[in-house]
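*Asks:* Attaching a single structure in structure tokens format; questions to follow.
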Amino acid sequence: MNDGKIRRLKRIFNDISGKTVIVPMDHGATMGPIPGLEDVAGAAAAIKKGGADATVVHKGIATSTPIGTDAGLGLILHLSASTCLGPDPSGKMLVGDVEEALALGADAVSVHVNIGAREEAGMLSALGRTAKACTRWGMPLLAMMYPRGQGVEVNVASVCIAARVGAELGADLIKCPYTGDPESFSRVVAGCPVPVVIAGGTMTSDGTALKRIEGAMQAGARGLSMGRSAFQHSVPELFVAAARAIVHDGLSAEEALAIIHGQTPGGLPREASMAN
């Protein structure tokens with residue numbers, strides 16, 4: 001890995017734990033102003049207060065809100081898009097490039113690939129081209145790798161394939177679905193030569209979401225990339241603080257849940273502990 005990638009990854013991964021809490025907020029390019037993202041700048045302020053290490057947004061949000069110039073929150077520029085109104089929302093197209101991300105001061109870029117989708121070949125090609133540019137410019141690449149098809153989204157073998165494909169094609173960090181338990185997800189981590197973070201997926205209870213995070217950490221994941229569980233939470237900063245406590249401080253899901261319920265002193269991380 002070249003020096004440019006190493007320097008930028010230090011703005012995304014915590015220096016002490018070596019892990020990361022990413023809260024993606026790129027959903028608007030697919031579904032519009034969904035609940036929690038009507039005010040993206042406000043949502044970013046909340047997750048930053050909770051101690052998130054980085055966020056994922058598209059270029060328009062990076063240039064039209066303070067997110068792009070906020071030194072306290074790592075910036076991952078998402079390069080893929082499709083809309084819920086299109087004929088095939090699973091077919092993601094490149095709508096940006098690494099040079100744009102450099103000009104905006106991004107710390108990394110991300111590309112979405114749906115393995116098994118009708119447009120899989122085009123998405124894999126886009127991932128390969130982006131990886132080549134990332135190597136040239138020293139830009140870290142997050143690959144969001146999702147198996148698609150009936151019954152395969154959290155099938156262990158399919159997730160293992162998706163994660164490995166992303167790494168094989170040049171990604172520095174893989175986001176993929178959690179397979180449900182530490183034992184099975186450890187197979188995903190073991191089969192992927194680059195760090196793995198778990199996706200959030202659909203909204204669920206606080207206890208279930210935190211249990212997923214705890215299980216992923218036990219399996220060797222290097223963090224999380226969970227959006228709706230955070231920015232659609234009734235108190236986003238508390239959910240992020242709880243997730244951070246598991247990822248960076250090694251708390252159990254039960255202990256972290258107490259943060260959300262206000263049963264622990266403070267709850268939110270100190271400013272000094274929020275530095276990347």
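Just remember, in the structure tokens the first chain shown is A, the second B, etc., residues are 1-based per chain, and ligands are 1-based in the order shown.
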Could you pull out the strand (DSSP E or B) residues of segment 107-263 of chain A, going by DSSP on the backbone, and write them as an MDAnalysis selection string?

*Replies:* chainID A and resid 108:115 141:147 173:176 196:199 223:225

*Asks:* Would you save the residues of that selection, restricted to N, CA and C atoms, as a PDB file, in the first residue's frame?

*Replies:*
ATOM      1  N   ALA A 108     -11.212   8.809   1.083  1.00  0.00           N
ATOM      2  CA  ALA A 108     -11.381   7.528   0.396  1.00  0.00           C
ATOM      3  C   ALA A 108     -12.535   7.670  -0.577  1.00  0.00           C
ATOM      4  N   VAL A 109     -12.667   6.679  -1.462  1.00  0.00           N
ATOM      5  CA  VAL A 109     -13.832   6.594  -2.340  1.00  0.00           C
ATOM      6  C   VAL A 109     -14.481   5.232  -2.136  1.00  0.00           C
ATOM      7  N   SER A 110     -15.742   5.127  -2.530  1.00  0.00           N
ATOM      8  CA  SER A 110     -16.442   3.845  -2.422  1.00  0.00           C
ATOM      9  C   SER A 110     -17.191   3.534  -3.707  1.00  0.00           C
ATOM     10  N   VAL A 111     -17.283   2.242  -3.993  1.00  0.00           N
ATOM     11  CA  VAL A 111     -17.987   1.743  -5.166  1.00  0.00           C
ATOM     12  C   VAL A 111     -18.892   0.596  -4.716  1.00  0.00           C
ATOM     13  N   HIS A 112     -20.106   0.563  -5.240  1.00  0.00           N
ATOM     14  CA  HIS A 112     -21.094  -0.452  -4.871  1.00  0.00           C
ATOM     15  C   HIS A 112     -21.170  -1.519  -5.969  1.00  0.00           C
ATOM     16  N   VAL A 113     -21.085  -2.790  -5.555  1.00  0.00           N
ATOM     17  CA  VAL A 113     -21.203  -3.902  -6.499  1.00  0.00           C
ATOM     18  C   VAL A 113     -22.220  -4.906  -5.958  1.00  0.00           C
ATOM     19  N   ASN A 114     -23.213  -5.232  -6.752  1.00  0.00           N
ATOM     20  CA  ASN A 114     -24.195  -6.256  -6.411  1.00  0.00           C
ATOM     21  C   ASN A 114     -23.850  -7.542  -7.162  1.00  0.00           C
ATOM     22  N   ILE A 115     -23.219  -8.470  -6.438  1.00  0.00           N
ATOM     23  CA  ILE A 115     -22.819  -9.735  -7.043  1.00  0.00           C
ATOM     24  C   ILE A 115     -24.058 -10.581  -7.340  1.00  0.00           C
ATOM     25  N   LEU A 141      -9.816   2.638  -1.337  1.00  0.00           N
ATOM     26  CA  LEU A 141     -11.050   2.229  -1.997  1.00  0.00           C
ATOM     27  C   LEU A 141     -11.859   1.305  -1.096  1.00  0.00           C
ATOM     28  N   LEU A 142     -13.086   1.729  -0.779  1.00  0.00           N
ATOM     29  CA  LEU A 142     -14.053   0.907  -0.063  1.00  0.00           C
ATOM     30  C   LEU A 142     -14.983   0.278  -1.089  1.00  0.00           C
ATOM     31  N   ALA A 143     -15.063  -1.038  -1.091  1.00  0.00           N
ATOM     32  CA  ALA A 143     -15.972  -1.742  -1.997  1.00  0.00           C
ATOM     33  C   ALA A 143     -17.154  -2.259  -1.191  1.00  0.00           C
ATOM     34  N   MET A 144     -18.347  -1.802  -1.558  1.00  0.00           N
ATOM     35  CA  MET A 144     -19.574  -2.281  -0.933  1.00  0.00           C
ATOM     36  C   MET A 144     -20.045  -3.487  -1.716  1.00  0.00           C
ATOM     37  N   MET A 145     -19.847  -4.674  -1.156  1.00  0.00           N
ATOM     38  CA  MET A 145     -20.065  -5.921  -1.883  1.00  0.00           C
ATOM     39  C   MET A 145     -21.280  -6.659  -1.320  1.00  0.00           C
ATOM     40  N   TYR A 146     -22.328  -6.749  -2.154  1.00  0.00           N
ATOM     41  CA  TYR A 146     -23.581  -7.373  -1.725  1.00  0.00           C
ATOM     42  C   TYR A 146     -23.967  -8.528  -2.636  1.00  0.00           C
ATOM     43  N   PRO A 147     -24.136  -9.741  -2.104  1.00  0.00           N
ATOM     44  CA  PRO A 147     -24.720 -10.811  -2.910  1.00  0.00           C
ATOM     45  C   PRO A 147     -26.194 -10.502  -3.145  1.00  0.00           C
ATOM     46  N   LEU A 173     -10.751  -1.963   1.507  1.00  0.00           N
ATOM     47  CA  LEU A 173     -11.692  -2.158   2.609  1.00  0.00           C
ATOM     48  C   LEU A 173     -12.991  -2.694   2.016  1.00  0.00           C
ATOM     49  N   ILE A 174     -13.565  -3.718   2.655  1.00  0.00           N
ATOM     50  CA  ILE A 174     -14.780  -4.349   2.154  1.00  0.00           C
ATOM     51  C   ILE A 174     -15.919  -4.118   3.131  1.00  0.00           C
ATOM     52  N   LYS A 175     -17.065  -3.696   2.585  1.00  0.00           N
ATOM     53  CA  LYS A 175     -18.319  -3.636   3.342  1.00  0.00           C
ATOM     54  C   LYS A 175     -19.221  -4.736   2.811  1.00  0.00           C
ATOM     55  N   CYS A 176     -19.744  -5.558   3.708  1.00  0.00           N
ATOM     56  CA  CYS A 176     -20.612  -6.640   3.279  1.00  0.00           C
ATOM     57  C   CYS A 176     -21.617  -6.964   4.379  1.00  0.00           C
ATOM     58  N   VAL A 196     -12.542  -5.946   6.781  1.00  0.00           N
ATOM     59  CA  VAL A 196     -13.960  -6.089   6.502  1.00  0.00           C
ATOM     60  C   VAL A 196     -14.771  -5.318   7.537  1.00  0.00           C
ATOM     61  N   VAL A 197     -15.783  -4.564   7.083  1.00  0.00           N
ATOM     62  CA  VAL A 197     -16.730  -3.916   7.988  1.00  0.00           C
ATOM     63  C   VAL A 197     -18.128  -4.390   7.624  1.00  0.00           C
ATOM     64  N   ILE A 198     -19.025  -4.389   8.599  1.00  0.00           N
ATOM     65  CA  ILE A 198     -20.368  -4.910   8.333  1.00  0.00           C
ATOM     66  C   ILE A 198     -21.323  -3.804   7.919  1.00  0.00           C
ATOM     67  N   ALA A 199     -22.245  -4.177   7.048  1.00  0.00           N
ATOM     68  CA  ALA A 199     -23.316  -3.281   6.637  1.00  0.00           C
ATOM     69  C   ALA A 199     -24.433  -3.327   7.664  1.00  0.00           C
ATOM     70  N   GLY A 223     -14.762  -3.091  11.965  1.00  0.00           N
ATOM     71  CA  GLY A 223     -15.667  -1.992  12.218  1.00  0.00           C
ATOM     72  C   GLY A 223     -16.995  -2.188  11.537  1.00  0.00           C
ATOM     73  N   LEU A 224     -17.668  -1.075  11.290  1.00  0.00           N
ATOM     74  CA  LEU A 224     -19.004  -1.124  10.717  1.00  0.00           C
ATOM     75  C   LEU A 224     -19.228   0.037   9.760  1.00  0.00           C
ATOM     76  N   SER A 225     -20.206  -0.129   8.909  1.00  0.00           N
ATOM     77  CA  SER A 225     -20.680   0.935   8.029  1.00  0.00           C
ATOM     78  C   SER A 225     -22.195   0.830   8.018  1.00  0.00           C
TER      79      SER A 225
END

*Asks:* Under the rule of at most 12 Å, produce a per-residue listing of segment 167-244 of chain A near segment 48-51 of chain A: chain, number, name, the closest pair of atoms, and the distance in Å, as JSON lines, using only C-alpha atoms.

*Replies:*
{"residue": "A:Ala230", "atom": "CA", "partner": "A:Gly50", "partner_atom": "CA", "distance": 9.7}
{"residue": "A:Phe231", "atom": "CA", "partner": "A:Gly50", "partner_atom": "CA", "distance": 10.9}
{"residue": "A:Val235", "atom": "CA", "partner": "A:Gly50", "partner_atom": "CA", "distance": 9.6}
{"residue": "A:Pro236", "atom": "CA", "partner": "A:Gly50", "partner_atom": "CA", "distance": 7.4}
{"residue": "A:Glu237", "atom": "CA", "partner": "A:Gly50", "partner_atom": "CA", "distance": 4.0}
{"residue": "A:Leu238", "atom": "CA", "partner": "A:Gly50", "partner_atom": "CA", "distance": 6.0}
{"residue": "A:Phe239", "atom": "CA", "partner": "A:Gly50", "partner_atom": "CA", "distance": 7.4}
{"residue": "A:Val240", "atom": "CA", "partner": "A:Gly50", "partner_atom": "CA", "distance": 5.0}
{"residue": "A:Ala241", "atom": "CA", "partner": "A:Gly50", "partner_atom": "CA", "distance": 4.6}
{"residue": "A:Ala242", "atom": "CA", "partner": "A:Gly50", "partner_atom": "CA", "distance": 8.3}
{"residue": "A:Ala243", "atom": "CA", "partner": "A:Gly50", "partner_atom": "CA", "distance": 9.1}
{"residue": "A:Arg244", "atom": "CA", "partner": "A:Gly51", "partner_atom": "CA", "distance": 6.8}

*Asks:* Could you name the residues that touch Ser252 of chain A at 9 Å or less, counting only C-alpha atoms, but leaving out those on the same chain fewer than 6 positions away, as a VMD selection string?

*Replies:* chain A and resid 210 to 211 214 245 to 246

*Asks:* Please produce an output containing N, CA and C atoms for each residue in the selection, written as an mmCIF file, in the first residue's frame.

*Replies:*
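Wrote it out as part_9.cif, contents follow:
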data_model
loop_
_atom_site.group_PDB
_atom_site.id
_atom_site.type_symbol
_atom_site.label_atom_id
_atom_site.label_comp_id
_atom_site.auth_asym_id
_atom_site.auth_seq_id
_atom_site.Cartn_x
_atom_site.Cartn_y
_atom_site.Cartn_z
ATOM 1 N N LEU A 210 -26.958 -3.754 17.960
ATOM 2 C CA LEU A 210 -25.732 -3.776 18.755
ATOM 3 C C LEU A 210 -25.187 -5.194 18.892
ATOM 4 N N LYS A 211 -26.079 -6.174 18.936
ATOM 5 C CA LYS A 211 -25.632 -7.569 18.998
ATOM 6 C C LYS A 211 -24.917 -7.954 17.713
ATOM 7 N N GLU A 214 -21.451 -6.481 17.975
ATOM 8 C CA GLU A 214 -20.639 -7.267 18.900
ATOM 9 C C GLU A 214 -20.172 -8.571 18.245
ATOM 10 N N ALA A 245 -18.636 2.376 21.319
ATOM 11 C CA ALA A 245 -18.166 1.739 22.540
ATOM 12 C C ALA A 245 -17.851 0.263 22.319
ATOM 13 N N ILE A 246 -18.635 -0.401 21.466
ATOM 14 C CA ILE A 246 -18.353 -1.805 21.144
ATOM 15 C C ILE A 246 -17.111 -1.916 20.267
#

*Asks:* Between A:Ala219, A:Gln232, A:Asp206, A:Ala133, which is the closest to Glu254 of chain A once you count only C-alpha atoms?

*Replies:*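 Ranking A:Ala219, A:Gln232, A:Asp206, A:Ala133 by distance to Glu254 of chain A, first place goes to A:Asp206.
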
*Asks:* Measuring between only C-alpha atoms, which one of A:Ala54, A:Met93, A:Ala171, A:Leu102 shows the shortest distance to Asp70 of chain A?

*Replies:*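 Distance minimum relative to Asp70 of chain A lands on A:Ala54.
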
*Asks:* Find the residue from A:Gly18, A:Gly138, A:Gly250, A:Pro33 that sits nearest to Gly4 of chain A; use only C-alpha atoms when measuring.

*Replies:*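 Result for the nearest residue to Gly4 of chain A: A:Gly138.
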
*Asks:* What is the distance, in Å and to one decimal place, between atom CA of Ala121 of chain A and atom CA of Lys92 of chain A?

*Replies:* 10.8 Å

*Asks:* With only C-alpha atoms as the counted atoms, please give the residues lying no more than 8 Å from segment 63-66 of chain A, apart from itself and same-chain residues fewer than 5 positions off, as a list in words.

*Replies:*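 So the residues in contact are Val40, Ala41 and Leu104 of chain A.
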
*Asks:* Would you mind reading off the distance between atom CA of Asn2 of chain A and atom CA of His248 of chain A, one decimal, in Å?

*Replies:* 25.7 Å

*Asks:* Using only C-alpha atoms, which of the listed residues (A:Glu255, A:Cys134, A:Leu79, A:Met226) sits closest to Thr20 of chain A?

*Replies:* A:Met226

*Asks:* For Gly227 of chain A, which residue among A:Ile16, A:Ile34, A:Ile61, A:Val194 is the nearest when counting only C-alpha atoms?

*Replies:* A:Ile34
